[in-house]
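Engineer: File follows, query-v6.pdb with PDB, C-alpha atoms:
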```
MODEL        1
ATOM      1  CA  MET P  73       0.000   0.000   0.000
ATOM      2  CA  LYS P  74       1.468   3.322  -1.100
ATOM      3  CA  ASN P  75      -0.268   6.266   0.551
ATOM      4  CA  ILE P  76       0.969   9.495  -1.001
ATOM      5  CA  VAL P  77       0.646  13.134   0.046
ATOM      6  CA  ILE P  78       0.765  15.279  -3.110
ATOM      7  CA  PHE P  79       2.067  18.646  -2.063
ATOM      8  CA  GLY P  80       2.611  22.036  -3.648
ATOM      9  CA  ALA P  81       1.368  25.575  -3.948
ATOM     10  CA  PRO P  82      -1.929  26.345  -5.702
ATOM     11  CA  GLY P  83      -1.341  25.864  -9.431
ATOM     12  CA  SER P  84       1.631  23.508  -9.021
ATOM     13  CA  GLY P  85      -0.123  20.682 -10.889
ATOM     14  CA  LYS P  86      -1.338  18.500  -8.010
ATOM     15  CA  GLY P  87      -4.683  17.686  -9.680
ATOM     16  CA  THR P  88      -3.148  16.963 -13.079
ATOM     17  CA  GLN P  89      -0.454  14.686 -11.653
ATOM     18  CA  SER P  90      -2.926  12.983  -9.267
ATOM     19  CA  ASP P  91      -5.093  12.037 -12.271
ATOM     20  CA  LYS P  92      -2.060  10.498 -13.996
ATOM     21  CA  MET P  93      -1.088   8.540 -10.838
ATOM     22  CA  ILE P  94      -4.652   7.223 -10.453
ATOM     23  CA  GLU P  95      -4.653   6.057 -14.072
ATOM     24  CA  LYS P  96      -1.245   4.344 -13.883
ATOM     25  CA  TYR P  97      -1.279   2.900 -10.351
ATOM     26  CA  GLY P  98      -4.971   2.488  -9.515
ATOM     27  CA  PHE P  99      -4.698   4.653  -6.407
ATOM     28  CA  GLU P 100      -7.710   6.052  -4.612
ATOM     29  CA  HIS P 101      -7.899   9.841  -4.268
ATOM     30  CA  ILE P 102      -9.044  12.017  -1.402
ATOM     31  CA  SER P 103      -9.430  15.718  -2.095
ATOM     32  CA  THR P 104     -10.259  17.494   1.146
ATOM     33  CA  GLY P 105     -12.384  20.107  -0.613
ATOM     34  CA  ASP P 106     -14.398  17.451  -2.456
ATOM     35  CA  VAL P 107     -14.928  15.453   0.762
ATOM     36  CA  LEU P 108     -16.099  18.528   2.655
ATOM     37  CA  ARG P 109     -18.554  19.540  -0.084
ATOM     38  CA  SER P 110     -19.875  15.967  -0.383
ATOM     39  CA  GLU P 111     -20.397  15.520   3.368
ATOM     40  CA  MET P 112     -22.305  18.829   3.543
ATOM     41  CA  LYS P 113     -24.344  18.078   0.414
ATOM     42  CA  ASN P 114     -25.287  14.629   1.727
ATOM     43  CA  GLY P 115     -26.245  16.066   5.108
ATOM     44  CA  THR P 116     -24.088  13.660   7.125
ATOM     45  CA  GLU P 117     -23.530  14.444  10.805
ATOM     46  CA  LEU P 118     -19.946  15.454  10.037
ATOM     47  CA  GLY P 119     -21.197  17.604   7.144
ATOM     48  CA  LYS P 120     -23.786  19.348   9.313
ATOM     49  CA  THR P 121     -21.160  20.129  11.934
ATOM     50  CA  ALA P 122     -18.739  21.423   9.278
ATOM     51  CA  ARG P 123     -21.466  23.637   7.792
ATOM     52  CA  GLN P 124     -22.012  25.307  11.178
ATOM     53  CA  TYR P 125     -18.385  26.429  11.206
ATOM     54  CA  ILE P 126     -18.380  27.514   7.560
ATOM     55  CA  ASP P 127     -21.656  29.425   7.904
ATOM     56  CA  GLN P 128     -20.075  31.391  10.758
ATOM     57  CA  GLY P 129     -17.035  32.158   8.598
ATOM     58  CA  GLN P 130     -14.760  29.911  10.649
ATOM     59  CA  LEU P 131     -12.286  27.264   9.563
ATOM     60  CA  VAL P 132     -13.407  23.682  10.011
ATOM     61  CA  PRO P 133     -11.388  22.251  12.955
ATOM     62  CA  ASP P 134      -8.586  19.830  12.076
ATOM     63  CA  GLN P 135     -10.124  16.949  14.026
ATOM     64  CA  LEU P 136     -13.399  17.242  12.105
ATOM     65  CA  ILE P 137     -11.529  17.172   8.787
ATOM     66  CA  VAL P 138      -9.494  14.154   9.933
ATOM     67  CA  ASP P 139     -12.710  12.376  10.981
ATOM     68  CA  MET P 140     -14.169  13.016   7.498
ATOM     69  CA  LEU P 141     -11.004  11.775   5.785
ATOM     70  CA  ALA P 142     -10.932   8.691   8.030
ATOM     71  CA  SER P 143     -14.525   7.933   7.071
ATOM     72  CA  VAL P 144     -13.711   8.142   3.344
ATOM     73  CA  TYR P 145     -10.424   6.267   3.787
ATOM     74  CA  ASP P 146     -12.166   3.388   5.576
ATOM     75  CA  LYS P 147     -14.652   3.019   2.693
ATOM     76  CA  PHE P 148     -11.746   1.981   0.422
ATOM     77  CA  GLY P 149     -11.328  -1.204   2.471
ATOM     78  CA  GLY P 150      -8.155  -2.724   3.827
ATOM     79  CA  ASP P 151      -6.530  -3.867   0.602
ATOM     80  CA  HIS P 152      -6.462  -0.776  -1.652
ATOM     81  CA  LYS P 153      -3.278   0.024  -3.579
ATOM     82  CA  GLY P 154      -2.879   3.375  -1.868
ATOM     83  CA  VAL P 155      -4.496   6.763  -1.482
ATOM     84  CA  ILE P 156      -3.407  10.148  -2.772
ATOM     85  CA  PHE P 157      -4.092  12.852  -0.191
ATOM     86  CA  ASP P 158      -4.659  16.084  -2.130
ATOM     87  CA  GLY P 159      -5.101  19.367  -0.257
ATOM     88  CA  PHE P 160      -4.361  17.788   3.094
ATOM     89  CA  PRO P 161      -2.444  18.167   5.295
ATOM     90  CA  ARG P 162      -2.002  21.953   5.155
ATOM     91  CA  THR P 163      -0.468  22.446   8.594
ATOM     92  CA  ILE P 164       1.889  20.511  10.863
ATOM     93  CA  PRO P 165      -0.934  19.630  13.335
ATOM     94  CA  GLN P 166      -2.919  18.213  10.375
ATOM     95  CA  ALA P 167       0.114  16.162   9.276
ATOM     96  CA  GLU P 168       0.460  14.799  12.801
ATOM     97  CA  ALA P 169      -3.278  13.977  12.903
ATOM     98  CA  LEU P 170      -3.101  12.207   9.511
ATOM     99  CA  LYS P 171      -0.087  10.192  10.692
ATOM    100  CA  ALA P 172      -1.980   9.157  13.855
ATOM    101  CA  MET P 173      -5.180   8.278  11.943
ATOM    102  CA  LEU P 174      -3.248   6.054   9.529
ATOM    103  CA  ALA P 175      -1.202   4.489  12.357
ATOM    104  CA  GLU P 176      -4.452   3.444  14.086
ATOM    105  CA  ARG P 177      -5.107   1.350  10.954
ATOM    106  CA  GLY P 178      -1.566   0.007  10.719
ATOM    107  CA  HIS P 179      -0.875   2.234   7.698
ATOM    108  CA  LYS P 180       1.387   5.200   6.972
ATOM    109  CA  VAL P 181       2.205   7.862   4.416
ATOM    110  CA  ALA P 182       4.789   6.248   2.147
ATOM    111  CA  ALA P 183       5.873   9.467   0.415
ATOM    112  CA  MET P 184       5.265  13.174   0.273
ATOM    113  CA  ILE P 185       5.686  14.332  -3.305
ATOM    114  CA  GLU P 186       6.403  18.061  -3.454
ATOM    115  CA  LEU P 187       5.753  19.766  -6.790
ATOM    116  CA  ASP P 188       7.984  22.843  -6.754
ATOM    117  CA  VAL P 189       7.046  25.614  -9.187
ATOM    118  CA  PRO P 190       8.365  29.219  -9.203
ATOM    119  CA  GLU P 191       5.867  31.823  -8.032
ATOM    120  CA  ASP P 192       5.716  33.749 -11.326
ATOM    121  CA  GLU P 193       4.766  30.520 -13.120
ATOM    122  CA  LEU P 194       2.118  29.744 -10.477
ATOM    123  CA  MET P 195       0.554  33.174 -11.095
ATOM    124  CA  LYS P 196       0.495  32.593 -14.869
ATOM    125  CA  ARG P 197      -1.037  29.123 -14.508
ATOM    126  CA  LEU P 198      -3.721  30.215 -12.040
ATOM    127  CA  ILE P 199      -4.731  33.304 -14.011
ATOM    128  CA  LEU P 200      -4.974  31.166 -17.171
ATOM    129  CA  ARG P 201      -7.002  28.535 -15.275
ATOM    130  CA  GLY P 202      -9.359  31.258 -14.097
ATOM    131  CA  GLN P 203      -9.828  32.533 -17.638
ATOM    132  CA  GLN P 204     -10.447  29.041 -18.994
ATOM    133  CA  SER P 205     -12.657  27.699 -16.197
ATOM    134  CA  GLY P 206     -14.363  30.816 -14.929
ATOM    135  CA  ARG P 207     -13.201  30.034 -11.380
ATOM    136  CA  SER P 208     -13.805  33.280  -9.548
ATOM    137  CA  ASP P 209     -11.046  32.539  -7.010
ATOM    138  CA  ASP P 210      -8.402  32.526  -9.766
ATOM    139  CA  ASN P 211      -7.860  36.284  -9.969
ATOM    140  CA  GLU P 212      -4.601  38.067  -9.209
ATOM    141  CA  GLU P 213      -5.583  39.496  -5.797
ATOM    142  CA  THR P 214      -7.040  36.220  -4.491
ATOM    143  CA  ILE P 215      -4.140  34.200  -5.925
ATOM    144  CA  LYS P 216      -1.624  36.400  -4.064
ATOM    145  CA  LYS P 217      -3.539  35.844  -0.804
ATOM    146  CA  ARG P 218      -3.668  32.075  -1.386
ATOM    147  CA  LEU P 219       0.079  31.978  -2.089
ATOM    148  CA  ASP P 220       0.779  34.038   1.065
ATOM    149  CA  VAL P 221      -1.258  31.558   3.134
ATOM    150  CA  TYR P 222       0.579  28.672   1.458
ATOM    151  CA  HIS P 223       3.997  30.164   2.289
ATOM    152  CA  SER P 224       3.133  31.061   5.895
ATOM    153  CA  GLN P 225       1.030  28.044   6.935
ATOM    154  CA  THR P 226       1.630  25.174   4.526
ATOM    155  CA  ALA P 227       5.259  25.455   3.381
ATOM    156  CA  PRO P 228       6.593  24.570   6.911
ATOM    157  CA  LEU P 229       5.335  21.036   6.164
ATOM    158  CA  ILE P 230       8.236  20.613   3.743
ATOM    159  CA  GLU P 231      10.691  20.518   6.654
ATOM    160  CA  TRP P 232       8.327  18.355   8.726
ATOM    161  CA  TYR P 233       8.177  15.707   5.971
ATOM    162  CA  GLU P 234      11.935  16.048   5.451
ATOM    163  CA  ARG P 235      12.429  15.105   9.130
ATOM    164  CA  GLU P 236      10.012  12.187   8.628
ATOM    165  CA  GLY P 237      12.352  11.022   5.850
ATOM    166  CA  ILE P 238       9.640  10.818   3.165
ATOM    167  CA  ARG P 239       9.883  14.190   1.352
ATOM    168  CA  ASN P 240      10.499  13.896  -2.388
ATOM    169  CA  HIS P 241      11.222  17.147  -4.229
ATOM    170  CA  ILE P 242      10.048  17.250  -7.853
ATOM    171  CA  ASP P 243      10.766  20.114 -10.253
ATOM    172  CA  GLY P 244       7.211  20.989 -11.278
ATOM    173  CA  LEU P 245       8.252  23.256 -14.141
ATOM    174  CA  GLY P 246       8.476  21.932 -17.674
ATOM    175  CA  ASP P 247       7.101  19.010 -19.653
ATOM    176  CA  LEU P 248       4.161  17.180 -18.014
ATOM    177  CA  ASP P 249       5.459  13.766 -18.999
ATOM    178  CA  ARG P 250       8.948  14.503 -17.583
ATOM    179  CA  ILE P 251       7.353  15.636 -14.306
ATOM    180  CA  PHE P 252       5.198  12.496 -14.219
ATOM    181  CA  GLY P 253       8.258  10.345 -14.962
ATOM    182  CA  ASP P 254      10.025  11.877 -11.963
ATOM    183  CA  ILE P 255       6.962  11.119  -9.808
ATOM    184  CA  CYS P 256       6.847   7.508 -11.087
ATOM    185  CA  SER P 257      10.518   7.072 -10.154
ATOM    186  CA  VAL P 258       9.623   7.992  -6.569
ATOM    187  CA  ILE P 259       6.555   5.714  -6.455
ATOM    188  CA  ASP P 260       8.307   2.769  -8.110
ATOM    189  CA  ALA P 261      11.116   2.964  -5.527
ATOM    190  CA  LEU P 262       8.708   2.701  -2.563
TER     191      LEU P 262
ENDMDL
END
```
Could you write out this file's structure as structure tokens?

Structural biologist:
Amino acid sequence: MKNIVIFGAPGSGKGTQSDKMIEKYGFEHISTGDVLRSEMKNGTELGKTARQYIDQGQLVPDQLIVDMLASVYDKFGGDHKGVIFDGFPRTIPQAEALKAMLAERGHKVAAMIELDVPEDELMKRLILRGQQSGRSDDNEETIKKRLDVYHSQTAPLIEWYEREGIRNHIDGLGDLDRIFGDICSVIDAL
């Protein structure tokens, strides 16, 4: 079982590369945003609780997110090939909670794959994505705020995963197939 944390700033290619990993390796995929929206839409107890926080403009507490992810993770059964965690963890306490949740099941994160892309390229990609998809959050002002949050809150995870001995740096700039080949080299060596 190869559980993977795909990591990088907004626009670094996490979704694109996750799709390629799912196709090649048969991994499951957990996107925190998708899980949160689904739980709220389906009116689950966890979703109702999350909605109360969101409706008050608050962040959903880490433990609630971990409980949602655990619920989805458990639905994959005990013999899946691995899960890609996309958009989670975003903070060191979330990484510690994910590690504990997996350990309770006798599992672990096998690798953190960091897609490293220069900031000017991230801006170009996200503005283009906004133009192509109509995503209202892909405008220059919002993108700058999201990148600031990434650098202040999420980037410290790079060192945390380095200390865990599972960080894998990938140059996320250039040809998609070269980037994917670099990712496959990491996965195949696990």

Engineer: I need every residue sitting at most 6 Å from the point (-1.5, 8.1, 4.7) (coordinates as in the file, only C-alpha atoms considered), written as an MDAnalysis selection string.

Structural biologist: chainID P and resid 75 174 180:181

Engineer: Tell me which residues the PyMOL selection byres ((chain P and resi 184-198) around 6) grabs here, as JSON, numbers by chain.

Structural biologist: {"P": [76, 77, 78, 79, 80, 83, 84, 183, 199, 200, 201, 210, 238, 239, 240, 241, 242, 243, 244, 245]}

Engineer: Considering all atoms listed in the file, can you say which of P:Leu248, P:Ile156, P:Leu229, P:Val132 comes closest to Phe99 (chain P)?

Structural biologist: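 With all atoms listed in the file as the atom set, the closest residue is P:Ile156.
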
Engineer: With distances taken over only C-alpha atoms, which residue among P:Ala172, P:Met93, P:Leu141, P:Ile164 lies nearest Glu111 (chain P)?

Structural biologist: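 Result for the nearest residue to Glu111 (chain P): P:Leu141.
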
Engineer: From the options P:Ser143, P:Ser90, P:Gln135, P:Thr116, which residue's atoms come nearest to Pro165 (chain P), counting only C-alpha atoms?

Structural biologist: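 Answer, going by the shortest atom-to-atom distance: P:Gln135.
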
Engineer: Using all atoms listed in the file, find the one residue out of P:Asp247, P:Glu176, P:Asp151, P:Asp106 that sits nearest to Ile137 (chain P).

Structural biologist: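 Looking at the shortest contact to Ile137 (chain P), the residue is P:Asp106.
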
Engineer: Quick one: distance from CA of Val144 (chain P) to CA of Gly159 (chain P) in Å, one decimal?

Structural biologist: 14.6 Å

Engineer: May I have the residues within 10 Å of Pro228 (chain P) as a list of chain:residue names, using all atoms listed in the file and disregarding those fewer than 6 positions away in the same chain?

Structural biologist: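 The contact residues come out as P:Arg162, P:Thr163, P:Ile164, P:Tyr222.
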
Engineer: Quick one: pull the distance between CA of Gln124 (chain P) and CA of Arg218 (chain P), Å, one decimal.

Structural biologist: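 Going from CA of Gln124 (chain P) over to CA of Arg218 (chain P) covers 23.2 Å.
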
Engineer: For a test of reading the model, state the distance in Å between CA of Met73 (chain P) and CA of Ser257 (chain P), rounded to one decimal.

Structural biologist: 16.2 Å

Engineer: Check the smallest atom-to-atom distance from each of P:Phe148, P:Pro82, P:Ala142, P:Met112 to His223 (chain P) using all atoms listed in the file, then report the winner.

Structural biologist: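 Closest to His223 (chain P), using all atoms listed in the file: P:Pro82.
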
Engineer: Choose the residue, out of P:Asn114, P:Gly246, P:Lys153, P:Gly87, that has the smallest atom-to-atom separation from Glu100 (chain P); count all atoms listed in the file.

Structural biologist: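 Among the listed residues, P:Lys153 lies closest to Glu100 (chain P).
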
Engineer: Give me the result of the PyMOL selection byres ((chain P and resi 102) around 6) on this file, residue by residue, as an MDAnalysis selection string.

Structural biologist: chainID P and resid 101 103 157

Engineer: Please enumerate the residues selected by the PyMOL selection byres ((chain P and resi 133) around 12) when evaluated against the supplied file, formatted as a CSV table (one decimal) with C-alpha atoms, keeping the file's coordinate frame.

Structural biologist:
```
chain,number,residue,atom,x,y,z
P,108,LEU,CA,-16.1,18.5,2.7
P,118,LEU,CA,-19.9,15.5,10.0
P,121,THR,CA,-21.2,20.1,11.9
P,122,ALA,CA,-18.7,21.4,9.3
P,123,ARG,CA,-21.5,23.6,7.8
P,124,GLN,CA,-22.0,25.3,11.2
P,125,TYR,CA,-18.4,26.4,11.2
P,126,ILE,CA,-18.4,27.5,7.6
P,130,GLN,CA,-14.8,29.9,10.6
P,131,LEU,CA,-12.3,27.3,9.6
P,132,VAL,CA,-13.4,23.7,10.0
P,134,ASP,CA,-8.6,19.8,12.1
P,135,GLN,CA,-10.1,16.9,14.0
P,136,LEU,CA,-13.4,17.2,12.1
P,137,ILE,CA,-11.5,17.2,8.8
P,138,VAL,CA,-9.5,14.2,9.9
P,139,ASP,CA,-12.7,12.4,11.0
P,140,MET,CA,-14.2,13.0,7.5
P,163,THR,CA,-0.5,22.4,8.6
P,165,PRO,CA,-0.9,19.6,13.3
P,166,GLN,CA,-2.9,18.2,10.4
P,169,ALA,CA,-3.3,14.0,12.9
```

Engineer: Starting from the incomplete input, reconstruct N, CA and C atoms of region 214-250 of chain P and write that as an mmCIF file, keeping the file's coordinate frame.

Structural biologist:
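Result file is result.cif:
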```
data_model
loop_
_atom_site.group_PDB
_atom_site.id
_atom_site.type_symbol
_atom_site.label_atom_id
_atom_site.label_comp_id
_atom_site.auth_asym_id
_atom_site.auth_seq_id
_atom_site.Cartn_x
_atom_site.Cartn_y
_atom_site.Cartn_z
ATOM 1 N N THR P 214 -6.751 37.426 -5.275
ATOM 2 C CA THR P 214 -7.040 36.220 -4.491
ATOM 3 C C THR P 214 -5.876 35.230 -4.574
ATOM 4 N N ILE P 215 -5.277 35.109 -5.753
ATOM 5 C CA ILE P 215 -4.140 34.200 -5.925
ATOM 6 C C ILE P 215 -2.995 34.621 -4.996
ATOM 7 N N LYS P 216 -2.710 35.920 -4.934
ATOM 8 C CA LYS P 216 -1.624 36.400 -4.064
ATOM 9 C C LYS P 216 -1.912 36.040 -2.613
ATOM 10 N N LYS P 217 -3.167 36.191 -2.176
ATOM 11 C CA LYS P 217 -3.539 35.844 -0.804
ATOM 12 C C LYS P 217 -3.355 34.344 -0.567
ATOM 13 N N ARG P 218 -3.793 33.523 -1.538
ATOM 14 C CA ARG P 218 -3.668 32.075 -1.386
ATOM 15 C C ARG P 218 -2.201 31.655 -1.316
ATOM 16 N N LEU P 219 -1.348 32.303 -2.115
ATOM 17 C CA LEU P 219 0.079 31.978 -2.089
ATOM 18 C C LEU P 219 0.714 32.434 -0.775
ATOM 19 N N ASP P 220 0.275 33.582 -0.240
ATOM 20 C CA ASP P 220 0.779 34.038 1.065
ATOM 21 C C ASP P 220 0.425 33.029 2.156
ATOM 22 N N VAL P 221 -0.824 32.553 2.146
ATOM 23 C CA VAL P 221 -1.258 31.558 3.134
ATOM 24 C C VAL P 221 -0.439 30.278 2.975
ATOM 25 N N TYR P 222 -0.226 29.870 1.716
ATOM 26 C CA TYR P 222 0.579 28.672 1.458
ATOM 27 C C TYR P 222 1.972 28.833 2.074
ATOM 28 N N HIS P 223 2.626 29.972 1.800
ATOM 29 C CA HIS P 223 3.997 30.164 2.289
ATOM 30 C C HIS P 223 4.055 30.243 3.817
ATOM 31 N N SER P 224 3.065 30.878 4.439
ATOM 32 C CA SER P 224 3.133 31.061 5.895
ATOM 33 C C SER P 224 2.662 29.826 6.657
ATOM 34 N N GLN P 225 1.629 29.133 6.163
ATOM 35 C CA GLN P 225 1.030 28.044 6.935
ATOM 36 C C GLN P 225 1.383 26.650 6.421
ATOM 37 N N THR P 226 1.487 26.504 5.107
ATOM 38 C CA THR P 226 1.630 25.174 4.526
ATOM 39 C C THR P 226 3.087 24.813 4.229
ATOM 40 N N ALA P 227 3.869 25.746 3.740
ATOM 41 C CA ALA P 227 5.259 25.455 3.381
ATOM 42 C C ALA P 227 6.083 24.857 4.532
ATOM 43 N N PRO P 228 5.821 25.209 5.829
ATOM 44 C CA PRO P 228 6.593 24.570 6.911
ATOM 45 C C PRO P 228 6.480 23.038 6.915
ATOM 46 N N LEU P 229 5.464 22.496 6.257
ATOM 47 C CA LEU P 229 5.335 21.036 6.164
ATOM 48 C C LEU P 229 6.484 20.403 5.387
ATOM 49 N N ILE P 230 7.119 21.165 4.516
ATOM 50 C CA ILE P 230 8.236 20.613 3.743
ATOM 51 C C ILE P 230 9.317 20.107 4.699
ATOM 52 N N GLU P 231 9.683 20.941 5.675
ATOM 53 C CA GLU P 231 10.691 20.518 6.654
ATOM 54 C C GLU P 231 10.188 19.372 7.517
ATOM 55 N N TRP P 232 8.897 19.404 7.881
ATOM 56 C CA TRP P 232 8.327 18.355 8.726
ATOM 57 C C TRP P 232 8.452 17.003 8.011
ATOM 58 N N TYR P 233 8.077 16.963 6.724
ATOM 59 C CA TYR P 233 8.177 15.707 5.971
ATOM 60 C C TYR P 233 9.632 15.330 5.692
ATOM 61 N N GLU P 234 10.501 16.324 5.586
ATOM 62 C CA GLU P 234 11.935 16.048 5.451
ATOM 63 C C GLU P 234 12.427 15.291 6.689
ATOM 64 N N ARG P 235 12.031 15.775 7.877
ATOM 65 C CA ARG P 235 12.429 15.105 9.130
ATOM 66 C C ARG P 235 11.828 13.703 9.227
ATOM 67 N N GLU P 236 10.644 13.515 8.650
ATOM 68 C CA GLU P 236 10.012 12.187 8.628
ATOM 69 C C GLU P 236 10.739 11.241 7.664
ATOM 70 N N GLY P 237 11.574 11.821 6.797
ATOM 71 C CA GLY P 237 12.352 11.022 5.850
ATOM 72 C C GLY P 237 11.577 10.575 4.621
ATOM 73 N N ILE P 238 10.463 11.271 4.313
ATOM 74 C CA ILE P 238 9.640 10.818 3.165
ATOM 75 C C ILE P 238 9.375 11.940 2.157
ATOM 76 N N ARG P 239 10.067 13.082 2.305
ATOM 77 C CA ARG P 239 9.883 14.190 1.352
ATOM 78 C C ARG P 239 10.610 13.861 0.049
ATOM 79 N N ASN P 240 9.915 14.096 -1.065
ATOM 80 C CA ASN P 240 10.499 13.896 -2.388
ATOM 81 C C ASN P 240 10.247 15.147 -3.209
ATOM 82 N N HIS P 241 11.313 15.896 -3.484
ATOM 83 C CA HIS P 241 11.222 17.147 -4.229
ATOM 84 C C HIS P 241 11.171 16.841 -5.723
ATOM 85 N N ILE P 242 10.183 17.412 -6.400
ATOM 86 C CA ILE P 242 10.048 17.250 -7.853
ATOM 87 C C ILE P 242 10.008 18.640 -8.480
ATOM 88 N N ASP P 243 10.823 18.862 -9.495
ATOM 89 C CA ASP P 243 10.766 20.114 -10.253
ATOM 90 C C ASP P 243 9.462 20.100 -11.047
ATOM 91 N N GLY P 244 8.530 20.974 -10.654
ATOM 92 C CA GLY P 244 7.211 20.989 -11.278
ATOM 93 C C GLY P 244 7.100 21.907 -12.476
ATOM 94 N N LEU P 245 8.235 22.363 -12.993
ATOM 95 C CA LEU P 245 8.252 23.256 -14.141
ATOM 96 C C LEU P 245 8.748 22.470 -15.348
ATOM 97 N N GLY P 246 8.024 22.600 -16.454
ATOM 98 C CA GLY P 246 8.476 21.932 -17.674
ATOM 99 C C GLY P 246 7.450 20.958 -18.205
ATOM 100 N N ASP P 247 7.937 19.978 -18.942
ATOM 101 C CA ASP P 247 7.101 19.010 -19.653
ATOM 102 C C ASP P 247 6.333 18.107 -18.672
ATOM 103 N N LEU P 248 5.019 17.996 -18.899
ATOM 104 C CA LEU P 248 4.161 17.180 -18.014
ATOM 105 C C LEU P 248 4.639 15.738 -17.908
ATOM 106 N N ASP P 249 5.042 15.163 -19.025
ATOM 107 C CA ASP P 249 5.459 13.766 -18.999
ATOM 108 C C ASP P 249 6.775 13.582 -18.248
ATOM 109 N N ARG P 250 7.692 14.564 -18.351
ATOM 110 C CA ARG P 250 8.948 14.503 -17.583
ATOM 111 C C ARG P 250 8.639 14.577 -16.094
#
```
